[in-house]
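Everything below belongs to work.txt, which stores compact mmCIF, C-alpha atoms.
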# COMPACT_ATOMS: atom_id res chain seq x y z
CA MET A 264 0.95 6.19 20.56
CA SER A 265 4.16 4.85 19.06
CA VAL A 266 5.00 1.18 18.85
CA ARG A 267 7.78 1.09 21.40
CA ASN A 268 8.57 -0.33 24.81
CA SER A 269 6.93 1.28 27.83
CA ALA A 270 6.57 0.61 31.53
CA THR A 271 3.12 -0.81 31.00
CA GLN A 272 4.64 -3.75 29.14
CA HIS A 273 5.54 -5.26 32.50
CA ALA A 274 1.93 -5.23 33.72
CA SER A 275 0.29 -8.58 34.46
CA THR A 276 -3.19 -7.36 33.48
CA LEU A 277 -4.73 -5.29 30.72
CA PRO A 278 -4.96 -1.58 31.57
CA PRO A 279 -8.43 0.05 31.45
CA SER A 280 -7.57 1.78 28.16
CA ALA A 281 -7.23 -1.62 26.48
CA LEU A 282 -10.52 -3.13 27.71
CA LEU A 283 -12.76 -1.36 25.19
CA LEU A 284 -10.31 -2.27 22.43
CA LEU A 285 -10.45 -5.89 23.57
CA ALA A 286 -14.27 -5.91 23.56
CA GLY A 287 -14.43 -4.55 20.01
CA LEU A 288 -11.64 -6.83 18.87
CA THR A 289 -13.34 -9.91 20.32
CA LEU A 290 -16.67 -9.22 18.63
CA GLY A 291 -15.14 -8.05 15.36
CA TRP A 292 -12.75 -10.96 14.85
CA GLY A 293 -15.02 -13.52 16.51
CA PHE A 294 -17.88 -12.97 14.06
CA ASN A 295 -15.46 -12.67 11.15
CA TRP A 296 -14.78 -16.41 11.04
CA THR A 297 -18.34 -16.97 9.86
CA VAL A 298 -18.04 -14.02 7.46
CA ILE A 299 -14.88 -15.49 5.90
CA LYS A 300 -16.63 -18.81 5.35
CA VAL A 301 -19.53 -17.05 3.57
CA VAL A 302 -17.26 -14.95 1.32
CA LEU A 303 -15.11 -17.93 0.32
CA GLU A 304 -18.19 -19.65 -1.09
CA ASP A 305 -18.15 -17.02 -3.88
CA MET A 306 -14.63 -15.60 -4.03
CA ALA A 307 -11.14 -17.02 -4.56
CA PRO A 308 -9.13 -16.89 -1.31
CA LEU A 309 -6.05 -14.94 -2.40
CA SER A 310 -8.11 -12.39 -4.34
CA PHE A 311 -10.39 -11.96 -1.33
CA ARG A 312 -7.46 -11.22 0.94
CA LEU A 313 -5.85 -8.93 -1.65
CA TRP A 314 -8.92 -6.67 -1.70
CA CYS A 315 -8.89 -6.62 2.10
CA LEU A 316 -5.22 -5.63 2.18
CA LEU A 317 -5.71 -2.88 -0.41
CA GLY A 318 -8.72 -1.41 1.35
CA GLY A 319 -7.28 -1.79 4.84
CA ALA A 320 -3.93 -0.19 3.97
CA ALA A 321 -5.55 2.72 2.13
CA GLY A 322 -8.02 3.34 4.96
CA LEU A 323 -5.44 3.25 7.74
CA PHE A 324 -3.00 5.51 5.89
CA ALA A 325 -5.83 7.96 5.24
CA LEU A 326 -6.78 7.99 8.92
CA ALA A 327 -3.16 8.42 9.99
CA ARG A 328 -2.63 11.37 7.65
CA ALA A 329 -5.96 12.94 8.62
CA ASN A 330 -4.89 12.85 12.27
CA GLY A 331 -1.44 14.23 11.53
CA LEU A 332 0.35 11.03 12.58
CA ALA A 333 3.81 10.06 11.35
CA CYS A 334 3.84 7.64 8.43
CA ARG A 335 7.53 7.60 7.51
CA VAL A 336 9.37 4.44 8.58
CA PRO A 337 12.39 5.37 10.75
CA GLU A 338 15.80 4.69 9.27
CA GLY A 339 17.13 1.23 10.06
CA GLN A 340 13.70 -0.27 10.86
CA TRP A 341 12.65 -1.51 7.42
CA GLN A 342 13.99 -5.04 7.96
CA ARG A 343 12.10 -5.57 11.22
CA LEU A 344 8.95 -4.11 9.67
CA CYS A 345 9.15 -6.54 6.73
CA LEU A 346 9.78 -9.47 9.09
CA ILE A 347 6.77 -8.55 11.26
CA ALA A 348 4.55 -8.11 8.18
CA LEU A 349 5.61 -11.51 6.83
CA PHE A 350 4.45 -13.38 9.94
CA ASN A 351 1.65 -11.09 11.14
CA VAL A 352 -0.07 -10.63 7.78
CA VAL A 353 1.25 -12.68 4.84
CA LEU A 354 1.63 -16.14 6.39
CA TRP A 355 -1.31 -15.68 8.76
CA ASN A 356 -3.72 -14.78 5.95
CA VAL A 357 -2.47 -17.43 3.51
CA PHE A 358 -2.84 -20.17 6.14
CA VAL A 359 -6.26 -18.92 7.28
CA VAL A 360 -8.00 -18.48 3.91
CA PHE A 361 -6.91 -21.89 2.66
CA GLY A 362 -7.35 -23.66 6.01
CA VAL A 363 -10.87 -22.36 6.68
CA ARG A 364 -12.04 -23.75 3.32
CA LEU A 365 -11.21 -27.24 4.56
CA MET A 366 -12.92 -27.00 7.97
CA ASP A 367 -15.95 -25.54 9.74
CA SER A 368 -15.34 -21.86 10.43
CA GLY A 369 -15.78 -22.14 14.20
CA ARG A 370 -13.47 -25.13 14.55
CA ALA A 371 -10.87 -23.48 12.34
CA ALA A 372 -10.95 -20.47 14.65
CA ILE A 373 -10.35 -22.72 17.65
CA LEU A 374 -7.11 -24.14 16.27
CA THR A 375 -5.63 -20.69 15.66
CA PHE A 376 -6.13 -19.87 19.33
CA THR A 377 -3.47 -22.25 20.48
CA LEU A 378 -1.70 -18.85 20.25
CA PRO A 379 -1.06 -18.53 24.03
CA VAL A 380 1.03 -21.72 24.03
CA TRP A 381 3.40 -20.50 21.30
CA SER A 382 3.47 -16.92 22.63
CA THR A 383 4.25 -18.05 26.18
CA LEU A 384 7.07 -20.36 25.12
CA GLY A 385 8.44 -17.74 22.75
CA GLY A 386 8.06 -14.96 25.33
CA ILE A 387 10.16 -16.91 27.83
CA TRP A 388 12.82 -17.77 25.23
CA LEU A 389 12.95 -14.66 23.01
CA LEU A 390 11.85 -11.88 25.36
CA GLY A 391 12.97 -13.22 28.73
CA GLU A 392 9.47 -12.77 30.18
CA ARG A 393 8.92 -14.21 33.63
CA MET A 394 5.94 -16.39 34.42
CA ASN A 395 4.05 -16.12 37.69
CA THR A 396 1.19 -18.13 39.17
CA ARG A 397 -1.43 -15.83 37.68
CA LYS A 398 -0.03 -16.17 34.14
CA TRP A 399 0.30 -19.96 34.40
CA LEU A 400 -3.29 -20.19 35.68
CA GLY A 401 -4.55 -18.08 32.78
CA LEU A 402 -2.63 -20.20 30.29
CA VAL A 403 -3.94 -23.50 31.71
CA LEU A 404 -7.55 -22.25 31.81
CA GLY A 405 -7.33 -20.80 28.31
CA VAL A 406 -5.80 -23.89 26.73
CA GLY A 407 -8.35 -26.01 28.62
CA GLY A 408 -11.15 -24.00 27.04
CA VAL A 409 -9.68 -24.44 23.57
CA LEU A 410 -9.30 -28.19 24.14
CA LEU A 411 -12.94 -28.44 25.19
CA LEU A 412 -13.98 -26.81 21.92
CA VAL A 413 -11.76 -29.20 19.97
CA LEU A 414 -13.02 -32.32 21.80
CA PRO A 415 -16.23 -32.89 19.78
CA GLU A 416 -14.34 -32.32 16.53
CA LEU A 417 -11.36 -34.62 16.98
CA HIS A 418 -12.74 -37.00 14.36
CA SER A 419 -13.47 -34.30 11.77
CA ILE A 420 -10.14 -32.58 12.46
CA GLY A 421 -8.42 -35.91 11.88
CA GLU A 422 -10.23 -36.17 8.55
CA ALA A 423 -8.86 -32.77 7.48
CA PRO A 424 -5.15 -33.01 8.37
CA LEU A 425 -4.14 -30.35 5.84
CA GLY A 426 -6.70 -27.90 7.23
CA THR A 427 -5.49 -28.64 10.75
CA MET A 428 -1.85 -28.05 9.82
CA LEU A 429 -2.71 -24.80 8.03
CA MET A 430 -4.63 -23.42 11.01
CA LEU A 431 -1.88 -24.40 13.44
CA GLY A 432 0.59 -22.75 11.06
CA ALA A 433 -1.54 -19.60 11.23
CA SER A 434 -1.43 -19.69 15.02
CA ILE A 435 2.36 -20.09 15.11
CA SER A 436 2.92 -17.33 12.54
CA TRP A 437 0.64 -14.99 14.54
CA ALA A 438 2.56 -15.78 17.73
CA LEU A 439 5.89 -15.11 16.02
CA GLY A 440 4.60 -11.83 14.59
CA THR A 441 3.51 -10.79 18.08
CA LEU A 442 6.88 -11.74 19.58
CA PHE A 443 8.84 -9.94 16.86
CA THR A 444 6.73 -6.82 17.43
CA LYS A 445 7.77 -6.92 21.09
CA ARG A 446 11.40 -7.87 20.46
CA TRP A 447 12.11 -5.40 17.64
CA PRO A 448 9.58 -2.54 17.98
CA VAL A 449 8.93 -0.14 15.11
CA THR A 450 8.65 3.46 16.34
CA LEU A 451 5.49 4.43 14.49
CA PRO A 452 1.93 5.14 15.66
CA ALA A 453 -0.21 1.98 15.70
CA SER A 454 -2.33 3.07 12.72
CA SER A 455 0.55 3.75 10.33
CA PHE A 456 2.52 0.75 11.64
CA THR A 457 -0.45 -1.50 10.86
CA ALA A 458 -0.97 0.20 7.49
CA TRP A 459 2.63 -0.46 6.49
CA GLN A 460 2.27 -4.13 7.41
CA LEU A 461 -0.75 -4.40 5.13
CA LEU A 462 0.91 -2.48 2.29
CA LEU A 463 4.09 -4.56 2.38
CA SER A 464 1.99 -7.74 2.27
CA ILE A 465 0.21 -6.80 -0.97
CA PRO A 466 2.85 -7.92 -3.57
CA PRO A 467 2.79 -11.65 -2.64
CA PHE A 468 -1.00 -11.66 -2.90
CA VAL A 469 -0.92 -9.84 -6.26
CA ILE A 470 1.48 -12.46 -7.65
CA GLY A 471 -0.50 -15.34 -6.15
CA SER A 472 -3.83 -14.01 -7.43
CA LEU A 473 -2.57 -13.42 -10.99
CA TRP A 474 -0.86 -16.80 -11.09
CA LEU A 475 -3.40 -19.04 -9.36
CA GLU A 476 -6.66 -17.08 -9.61
CA PRO A 477 -6.61 -15.01 -12.85
CA GLU A 478 -10.41 -14.75 -12.85
CA GLY A 479 -10.76 -14.14 -9.12
CA MET A 480 -10.19 -10.38 -8.94
CA SER A 481 -13.59 -9.46 -10.40
CA PHE A 482 -16.59 -8.68 -8.21
CA ALA A 483 -18.91 -9.80 -11.02
CA GLY A 484 -21.18 -12.61 -9.91
CA LEU A 485 -20.62 -12.03 -6.20
CA GLY A 486 -23.72 -12.10 -4.02
CA VAL A 487 -24.72 -9.21 -1.79
CA TRP A 488 -23.62 -11.05 1.35
CA SER A 489 -20.19 -11.76 -0.10
CA ILE A 490 -19.68 -8.10 -1.04
CA LEU A 491 -20.78 -7.05 2.44
CA GLY A 492 -18.38 -9.64 3.83
CA VAL A 493 -15.46 -8.10 1.93
CA LEU A 494 -16.40 -4.64 3.23
CA TYR A 495 -16.72 -6.04 6.76
CA ASN A 496 -13.21 -7.46 6.51
CA ILE A 497 -11.75 -4.19 5.22
CA PHE A 498 -13.32 -1.86 7.77
CA VAL A 499 -13.77 -4.11 10.82
CA SER A 500 -11.25 -6.96 10.61
CA PHE A 501 -8.33 -5.18 8.95
CA MET A 502 -8.71 -1.50 9.85
CA PHE A 503 -10.14 -1.66 13.36
CA CYS A 504 -9.22 -5.10 14.73
CA MET A 505 -5.63 -5.17 13.47
CA TRP A 506 -5.07 -1.63 14.76
CA ALA A 507 -6.60 -2.56 18.15
CA TRP A 508 -4.47 -5.71 18.36
CA THR A 509 -1.32 -3.68 17.70
CA ARG A 510 -2.26 -1.28 20.49
CA ILE A 511 -2.80 -4.16 22.94
CA VAL A 512 0.41 -5.97 21.96
CA VAL A 513 2.69 -3.01 22.60
CA ILE A 514 1.43 -2.16 26.09
CA VAL A 515 1.46 -5.55 27.86
CA PRO A 516 3.73 -8.65 27.88
CA ALA A 517 3.24 -11.26 25.14
CA THR A 518 1.88 -13.79 27.64
CA VAL A 519 -0.86 -11.34 28.68
CA SER A 520 -1.72 -10.11 25.17
CA SER A 521 -1.96 -13.68 23.82
CA LEU A 522 -4.57 -14.57 26.47
CA SER A 523 -6.66 -11.46 25.87
CA PRO A 524 -8.35 -12.57 22.59
CA LEU A 525 -9.25 -16.08 23.80
CA LEU A 526 -12.97 -15.30 23.71
CA ILE A 527 -12.75 -14.88 19.92
CA PRO A 528 -13.00 -18.61 19.02
CA VAL A 529 -15.98 -18.95 21.37
CA ILE A 530 -17.68 -16.07 19.55
CA GLY A 531 -16.69 -17.77 16.30
CA VAL A 532 -18.37 -21.03 17.30
CA PHE A 533 -21.55 -19.38 18.58
CA SER A 534 -21.83 -17.05 15.56
CA GLY A 535 -21.53 -20.11 13.34
CA MET A 536 -24.43 -21.62 15.28
CA LEU A 537 -26.47 -18.44 14.85
CA VAL A 538 -25.83 -18.06 11.12
CA LEU A 539 -25.44 -21.69 10.06
CA GLY A 540 -27.95 -23.24 12.46
CA GLU A 541 -25.51 -25.46 14.34
CA LYS A 542 -26.54 -26.61 17.83
CA PRO A 543 -24.37 -25.84 20.90
CA GLN A 544 -22.95 -28.71 22.94
CA TRP A 545 -22.02 -28.88 26.62
CA THR A 546 -18.38 -28.55 25.65
CA ASP A 547 -19.08 -25.16 24.05
CA PHE A 548 -20.55 -23.80 27.28
CA GLY A 549 -17.76 -25.37 29.34
CA ALA A 550 -15.19 -23.75 27.06
CA LEU A 551 -16.93 -20.40 27.44
CA LEU A 552 -16.63 -20.68 31.24
CA LEU A 553 -12.93 -21.63 31.16
CA VAL A 554 -12.07 -18.90 28.67
CA CYS A 555 -13.89 -16.29 30.75
CA LEU A 556 -11.91 -17.41 33.80
CA ALA A 557 -8.69 -17.19 31.78
CA LEU A 558 -9.63 -13.68 30.67
CA ALA A 559 -10.22 -12.74 34.30
CA THR A 560 -6.53 -13.35 34.99
CA VAL A 561 -5.56 -10.60 32.52
CA VAL A 562 -8.51 -8.25 33.04
CA ILE A 563 -8.97 -8.17 36.84
CA PRO A 564 -6.00 -6.49 38.58
CA PRO A 565 -4.38 -8.50 41.41
CA ARG A 566 -4.97 -7.35 44.97
CA ARG A 567 -2.33 -5.04 46.33
CA THR A 568 -0.74 -6.13 49.56
CA ALA A 569 -0.44 -3.53 52.33

Here is a file; write its structure as structure tokens.
Amino acid sequence: MSVRNSATQHASTLPPSALLLLAGLTLGWGFNWTVIKVVLEDMAPLSFRLWCLLGGAAGLFALARANGLACRVPEGQWQRLCLIALFNVVLWNVFVVFGVRLMDSGRAAILTFTLPVWSTLGGIWLLGERMNTRKWLGLVLGVGGVLLLVLPELHSIGEAPLGTMLMLGASISWALGTLFTKRWPVTLPASSFTAWQLLLSIPPFVIGSLWLEPEGMSFAGLGVWSILGVLYNIFVSFMFCMWAWTRIVVIVPATVSSLSPLLIPVIGVFSGMLVLGEKPQWTDFGALLLVCLALATVVIPPRRTA
């Protein structure tokens, strides 16, 4: 499937073909917040992300070529591709790997999922998307769930203002990357389009790693769990999840796609509890309920009137 406009972009719910992608995306990215926290205990942040970009780009290009998919960027689309890669990959990853070091992994994940707010506002302004009652309801429920998750951590978030700003920056950059993908589509299959984004993002991380983390590129001294975490990021987070997200973004409006991954921060919080031994609070379960209701607005098709 090429990254281009289609009739399905005007749908108010996710089509059946996207539901399995959403399920895998939710689990893969949701658990990854805990994985990132574990890896960053042993590995420098820019070097960690550089290895992920190298492995992810190589893997996706290999899959695209093996399946006979186009990999050549169409003439006149290099500028939009670079712009999308800057916001979708470079800024997102820089903000995340430095922000998550300053906060609990689950709470960091929560702040990035203010995404629907920025995507909705940008979708109305940049894409001319129209809001209906169903979309507004999903947005209110989703943001309510995120706020419930933030509620117990207001004090700790206030104590880490830099971490908070970095994670909000990640959310805004992700929203802009999503909007630019919709506004200026690149006519490539999702796998090669994603691979090009990763490849174009490598140079800034090479420069940053050599300048700020000259000793960070080596795997020497890394624990088994950290090495497994890097591999998880390459194969699950970068190759599968980023490809799946691209597929979802191009087939539905930005307001719908931005609501679809709202279960990810809930998975992030509960996986942190499972791995790190944190105890759930009533707000976590309340947030889970609200987020599930928000997801219902983009998963369950509206009733057709006779």

Would you write out, as JSON lines, a table of all residues in region 442-511 of chain A that have an atom no more than 12 Å from an atom of region 292-312 of chain A, listing for each the closest atom pair and the distance in Å to one decimal, considering only C-alpha atoms and ordering rows by chain and rising residue number?
{"residue": "A:Leu461", "atom": "CA", "partner": "A:Arg312", "partner_atom": "CA", "distance": 10.4}
{"residue": "A:Ser464", "atom": "CA", "partner": "A:Arg312", "partner_atom": "CA", "distance": 10.2}
{"residue": "A:Ile465", "atom": "CA", "partner": "A:Arg312", "partner_atom": "CA", "distance": 9.1}
{"residue": "A:Pro466", "atom": "CA", "partner": "A:Leu309", "partner_atom": "CA", "distance": 11.4}
{"residue": "A:Pro467", "atom": "CA", "partner": "A:Leu309", "partner_atom": "CA", "distance": 9.4}
{"residue": "A:Phe468", "atom": "CA", "partner": "A:Leu309", "partner_atom": "CA", "distance": 6.0}
{"residue": "A:Val469", "atom": "CA", "partner": "A:Ser310", "partner_atom": "CA", "distance": 7.9}
{"residue": "A:Ile470", "atom": "CA", "partner": "A:Leu309", "partner_atom": "CA", "distance": 9.5}
{"residue": "A:Gly471", "atom": "CA", "partner": "A:Leu309", "partner_atom": "CA", "distance": 6.7}
{"residue": "A:Ser472", "atom": "CA", "partner": "A:Ser310", "partner_atom": "CA", "distance": 5.5}
{"residue": "A:Leu473", "atom": "CA", "partner": "A:Ser310", "partner_atom": "CA", "distance": 8.7}
{"residue": "A:Trp474", "atom": "CA", "partner": "A:Leu309", "partner_atom": "CA", "distance": 10.3}
{"residue": "A:Leu475", "atom": "CA", "partner": "A:Leu309", "partner_atom": "CA", "distance": 8.5}
{"residue": "A:Glu476", "atom": "CA", "partner": "A:Ala307", "partner_atom": "CA", "distance": 6.8}
{"residue": "A:Pro477", "atom": "CA", "partner": "A:Ser310", "partner_atom": "CA", "distance": 9.0}
{"residue": "A:Glu478", "atom": "CA", "partner": "A:Ala307", "partner_atom": "CA", "distance": 8.6}
{"residue": "A:Gly479", "atom": "CA", "partner": "A:Ala307", "partner_atom": "CA", "distance": 5.4}
{"residue": "A:Met480", "atom": "CA", "partner": "A:Ser310", "partner_atom": "CA", "distance": 5.4}
{"residue": "A:Ser481", "atom": "CA", "partner": "A:Ser310", "partner_atom": "CA", "distance": 8.7}
{"residue": "A:Phe482", "atom": "CA", "partner": "A:Met306", "partner_atom": "CA", "distance": 8.3}
{"residue": "A:Ala483", "atom": "CA", "partner": "A:Met306", "partner_atom": "CA", "distance": 10.0}
{"residue": "A:Gly484", "atom": "CA", "partner": "A:Asp305", "partner_atom": "CA", "distance": 8.1}
{"residue": "A:Leu485", "atom": "CA", "partner": "A:Asp305", "partner_atom": "CA", "distance": 6.0}
{"residue": "A:Gly486", "atom": "CA", "partner": "A:Asp305", "partner_atom": "CA", "distance": 7.4}
{"residue": "A:Val487", "atom": "CA", "partner": "A:Val302", "partner_atom": "CA", "distance": 9.9}
{"residue": "A:Trp488", "atom": "CA", "partner": "A:Val302", "partner_atom": "CA", "distance": 7.5}
{"residue": "A:Ser489", "atom": "CA", "partner": "A:Val302", "partner_atom": "CA", "distance": 4.6}
{"residue": "A:Ile490", "atom": "CA", "partner": "A:Val302", "partner_atom": "CA", "distance": 7.6}
{"residue": "A:Leu491", "atom": "CA", "partner": "A:Val302", "partner_atom": "CA", "distance": 8.7}
{"residue": "A:Gly492", "atom": "CA", "partner": "A:Val298", "partner_atom": "CA", "distance": 5.7}
{"residue": "A:Val493", "atom": "CA", "partner": "A:Val302", "partner_atom": "CA", "distance": 7.1}
{"residue": "A:Leu494", "atom": "CA", "partner": "A:Val298", "partner_atom": "CA", "distance": 10.4}
{"residue": "A:Tyr495", "atom": "CA", "partner": "A:Asn295", "partner_atom": "CA", "distance": 8.1}
{"residue": "A:Asn496", "atom": "CA", "partner": "A:Asn295", "partner_atom": "CA", "distance": 7.3}
{"residue": "A:Ile497", "atom": "CA", "partner": "A:Arg312", "partner_atom": "CA", "distance": 9.3}
{"residue": "A:Phe498", "atom": "CA", "partner": "A:Asn295", "partner_atom": "CA", "distance": 11.5}
{"residue": "A:Val499", "atom": "CA", "partner": "A:Trp292", "partner_atom": "CA", "distance": 8.0}
{"residue": "A:Ser500", "atom": "CA", "partner": "A:Trp292", "partner_atom": "CA", "distance": 6.0}
{"residue": "A:Phe501", "atom": "CA", "partner": "A:Trp292", "partner_atom": "CA", "distance": 9.4}
{"residue": "A:Met502", "atom": "CA", "partner": "A:Trp292", "partner_atom": "CA", "distance": 11.4}
{"residue": "A:Phe503", "atom": "CA", "partner": "A:Trp292", "partner_atom": "CA", "distance": 9.8}
{"residue": "A:Cys504", "atom": "CA", "partner": "A:Trp292", "partner_atom": "CA", "distance": 6.8}
{"residue": "A:Met505", "atom": "CA", "partner": "A:Trp292", "partner_atom": "CA", "distance": 9.3}
{"residue": "A:Ala507", "atom": "CA", "partner": "A:Trp292", "partner_atom": "CA", "distance": 10.9}
{"residue": "A:Trp508", "atom": "CA", "partner": "A:Trp292", "partner_atom": "CA", "distance": 10.4}

>> I'd like the interatomic distance between CA of Phe350 (chain A) and CA of Ser436 (chain A), to a tenth of an Å.
In response: 5.0 Å

>> Env of Leu326 (chain A): 12 Å cut, atoms = all atoms listed in the file, seq-sep filter 3 positions within chain, self excluded. Answer as a list in words.
In response: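 Skipping anything fewer than 3 positions along the chain leaves Gly319, Ala320, Ala321, Gly322, Leu323, Ala329, Asn330, Gly331, Leu332, Ala333, Cys334, Pro452, Ala453, Ser454, Ser455, Thr457, Ala458, Phe498, Met502, Phe503 and Trp506 of chain A.
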
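Using only C-alpha atoms, the smallest distance between any of A:Trp314, A:Trp341, A:Trp545, A:Trp399 and Phe456 (chain A) comes from A:Trp341.
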
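Interatomic distance, CA of Val406 (chain A) to CA of Val380 (chain A): 7.7 Å.
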
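Atom to atom, CA of Phe548 (chain A) and CA of Val403 (chain A) stand 17.2 Å apart.
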
Shell around Phe358 (chain A) at 12 Å using only C-alpha atoms, local window under 3 positions removed, as a compact mmCIF listing (two decimals) with C-alpha atoms, keeping the file's coordinate frame:
# COMPACT_ATOMS: atom_id res chain seq x y z
CA PRO A 308 -9.13 -16.89 -1.31
CA LEU A 309 -6.05 -14.94 -2.40
CA ARG A 312 -7.46 -11.22 0.94
CA PHE A 350 4.45 -13.38 9.94
CA ASN A 351 1.65 -11.09 11.14
CA VAL A 352 -0.07 -10.63 7.78
CA VAL A 353 1.25 -12.68 4.84
CA LEU A 354 1.63 -16.14 6.39
CA TRP A 355 -1.31 -15.68 8.76
CA PHE A 361 -6.91 -21.89 2.66
CA GLY A 362 -7.35 -23.66 6.01
CA VAL A 363 -10.87 -22.36 6.68
CA ARG A 364 -12.04 -23.75 3.32
CA LEU A 365 -11.21 -27.24 4.56
CA ALA A 371 -10.87 -23.48 12.34
CA ALA A 372 -10.95 -20.47 14.65
CA LEU A 374 -7.11 -24.14 16.27
CA THR A 375 -5.63 -20.69 15.66
CA LEU A 425 -4.14 -30.35 5.84
CA GLY A 426 -6.70 -27.90 7.23
CA THR A 427 -5.49 -28.64 10.75
CA MET A 428 -1.85 -28.05 9.82
CA LEU A 429 -2.71 -24.80 8.03
CA MET A 430 -4.63 -23.42 11.01
CA LEU A 431 -1.88 -24.40 13.44
CA GLY A 432 0.59 -22.75 11.06
CA ALA A 433 -1.54 -19.60 11.23
CA SER A 434 -1.43 -19.69 15.02
CA ILE A 435 2.36 -20.09 15.11
CA SER A 436 2.92 -17.33 12.54
CA TRP A 437 0.64 -14.99 14.54
